[in-house]
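Chemist: Contents of target16.txt (compact mmCIF, C-alpha atoms) are below:
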# COMPACT_ATOMS: atom_id res chain seq x y z
CA MET A 1 46.88 18.46 -22.21
CA LYS A 2 43.94 19.10 -24.54
CA LYS A 3 44.45 15.71 -26.19
CA ILE A 4 44.38 13.92 -22.83
CA PHE A 5 41.27 15.82 -21.79
CA SER A 6 39.58 15.06 -25.13
CA LEU A 7 40.47 11.40 -24.82
CA LEU A 8 39.09 11.31 -21.29
CA VAL A 9 35.81 12.89 -22.44
CA ILE A 10 35.51 10.39 -25.28
CA LEU A 11 36.16 7.47 -22.92
CA VAL A 12 33.57 8.68 -20.45
CA ALA A 13 30.98 9.17 -23.20
CA PHE A 14 31.74 5.75 -24.66
CA GLY A 15 31.58 4.13 -21.23
CA ALA A 16 28.22 5.73 -20.50
CA SER A 17 26.78 4.47 -23.77
CA VAL A 18 28.06 0.94 -23.15
CA PHE A 19 26.48 0.78 -19.71
CA ALA A 20 23.23 2.45 -20.69
CA VAL A 21 20.05 0.53 -19.99
CA ASN A 22 18.81 -1.38 -23.01
CA GLN A 23 15.21 -0.16 -23.08
CA ASN A 24 14.42 -2.30 -26.14
CA LYS A 25 14.13 -5.31 -23.83
CA TYR A 26 11.31 -3.55 -21.99
CA ASN A 27 9.43 -1.93 -24.89
CA VAL A 28 6.68 -4.51 -24.68
CA PHE A 29 5.82 -3.32 -21.17
CA TYR A 30 5.48 0.27 -22.36
CA GLN A 31 3.11 -0.82 -25.12
CA LEU A 32 0.79 -2.70 -22.79
CA ASN A 33 -0.59 0.59 -21.51
CA ASN A 34 -1.53 1.67 -25.06
CA THR A 35 -5.34 1.67 -25.36
CA THR A 36 -5.51 -0.37 -28.56
CA THR A 37 -2.96 -2.90 -27.33
CA PHE A 38 -4.63 -3.11 -23.94
CA ASN A 39 -8.07 -3.74 -25.45
CA SER A 40 -6.65 -6.41 -27.75
CA LEU A 41 -4.85 -8.05 -24.83
CA VAL A 42 -8.02 -8.04 -22.72
CA SER A 43 -9.87 -9.71 -25.57
CA TYR A 44 -7.05 -12.20 -26.22
CA LEU A 45 -6.82 -13.20 -22.56
CA ASP A 46 -10.60 -13.16 -22.11
CA VAL A 47 -10.46 -11.33 -18.78
CA ASP A 48 -13.42 -10.01 -16.82
CA ASN A 49 -13.91 -6.34 -15.86
CA ASP A 50 -12.20 -6.64 -12.46
CA GLN A 51 -9.17 -8.31 -14.00
CA ALA A 52 -9.06 -5.67 -16.75
CA ASN A 53 -9.08 -2.85 -14.18
CA ASP A 54 -6.35 -4.54 -12.14
CA LEU A 55 -4.24 -5.08 -15.26
CA LYS A 56 -4.68 -1.45 -16.38
CA SER A 57 -3.52 -0.23 -12.97
CA MET A 58 -0.59 -2.66 -12.94
CA PHE A 59 0.49 -1.63 -16.47
CA SER A 60 0.47 2.05 -15.43
CA ILE A 61 2.60 1.32 -12.38
CA THR A 62 4.98 -0.81 -14.47
CA GLU A 63 5.35 1.98 -17.01
CA ASN A 64 6.10 4.51 -14.24
CA LYS A 65 8.68 2.17 -12.72
CA LEU A 66 10.35 1.70 -16.12
CA LYS A 67 10.44 5.46 -16.72
CA SER A 68 12.08 5.97 -13.33
CA ALA A 69 14.60 3.22 -14.07
CA SER A 70 15.37 4.84 -17.42
CA GLU A 71 15.89 8.24 -15.81
CA ILE A 72 18.46 6.88 -13.38
CA ASN A 73 19.83 4.51 -16.03
CA SER A 74 19.45 1.40 -13.90
CA ASP A 75 19.13 -1.99 -15.53
CA SER A 76 18.42 -3.61 -12.15
CA TYR A 77 15.46 -1.25 -11.55
CA SER A 78 14.18 -2.04 -15.04
CA GLU A 79 14.35 -5.75 -14.24
CA ARG A 80 12.53 -5.13 -10.96
CA ALA A 81 9.77 -3.33 -12.87
CA MET A 82 9.51 -6.29 -15.25
CA PHE A 83 9.32 -8.77 -12.35
CA TYR A 84 6.74 -6.56 -10.65
CA ASN A 85 4.63 -6.83 -13.77
CA LEU A 86 4.99 -10.60 -14.08
CA VAL A 87 4.35 -11.36 -10.40
CA ASN A 88 1.26 -9.17 -10.30
CA ALA A 89 -0.05 -10.53 -13.59
CA LYS A 90 0.24 -14.02 -12.13
CA SER A 91 -1.86 -13.00 -9.14
CA ILE A 92 -4.50 -11.28 -11.31
CA LEU A 93 -4.87 -13.85 -14.08
CA SER A 94 -5.92 -17.48 -14.05
CA GLU A 95 -3.31 -20.12 -14.83
CA ASP A 96 -4.37 -20.41 -18.49
CA GLN A 97 -4.58 -16.63 -18.92
CA TYR A 98 -1.15 -16.17 -17.35
CA ARG A 99 0.34 -18.79 -19.64
CA LYS A 100 -1.06 -16.92 -22.67
CA TYR A 101 0.26 -13.65 -21.21
CA LEU A 102 3.77 -15.08 -20.79
CA ILE A 103 3.76 -16.45 -24.32
CA MET A 104 2.73 -13.05 -25.66
CA ILE A 105 5.39 -11.23 -23.60
CA ASN A 106 8.14 -13.66 -24.62
CA GLU A 107 7.27 -13.62 -28.30
CA SER A 108 6.92 -9.85 -28.31
CA THR A 109 10.24 -9.36 -26.54
CA TYR A 110 12.20 -11.67 -28.81
CA ASN A 111 10.42 -10.95 -32.09
CA ASP A 112 10.39 -7.13 -32.04
CA ASN A 113 6.81 -6.87 -30.79
CA VAL A 114 5.36 -8.83 -33.71
CA THR A 115 2.80 -10.44 -31.41
CA LEU A 116 1.53 -7.13 -30.08
CA LEU A 117 1.03 -5.90 -33.61
CA ALA A 118 -0.82 -9.10 -34.44
CA LEU A 119 -3.04 -8.62 -31.38
CA ASN A 120 -3.91 -5.11 -32.58
CA ASP A 121 -5.16 -6.54 -35.87
CA LYS A 122 -7.78 -8.74 -34.18
The structure in this file should be written as structure tokens.

Modeler:
Amino acid sequence: MKKIFSLLVILVAFGASVFAVNQNKYNVFYQLNNTTTFNSLVSYLDVDNDQANDLKSMFSITENKLKSASEINSDSYSERAMFYNLVNAKSILSEDQYRKYLIMINESTYNDNVTLLALNDK
């Protein structure tokens, strides 16, 4: 009986780890709220003060949404938080700024945040 119970516990633990939300995909969105990264991004995108304030607010909301998604371990909520960020960024930024933003997000997501580190050096 103990062996069956132990096996069941191991299977449940393994299953939970397999279905856990992969937060690495969303790390870039957590870093956007970092002061140094934010200032570098504002400079890189060449946004005005109103846009910068709107972005700062949006990044805070995105981070809160991602934290909530992580707490309930929901990949779909994490994706919704990401889409929230992208849709709102598109409404805040000009077409050229948004294109630069998407390039930075994509490169950072797929290259282990190399772009964000490069932005911090400027």

Chemist: For a test of reading the model, state the distance in Å between atom CA of A:Val28 and atom CA of A:Thr109, rounded to one decimal.

Modeler: 6.3 Å

Chemist: Write out as a ChimeraX atom specification the residues lying within 10 Å of A:Leu32, counting all atoms listed in the file and excluding same-chain residues fewer than 3 positions away.

Modeler: /A:27-29,35-41,55-56,58-60,62-63,105,116

Chemist: Find the distance between atom CA of A:Asn49 and atom CA of A:Asn85 and write it in Å to one decimal.

Modeler: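 So the answer is 18.7 Å.
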
Chemist: Which protein, DNA or RNA residues have an atom at most 12 Å from (7.8, -3.1, -19.7), counting only C-alpha atoms? List them as a ChimeraX atom specification.

Modeler: /A:22-34,58-70,77-86,105-106,108-109,113
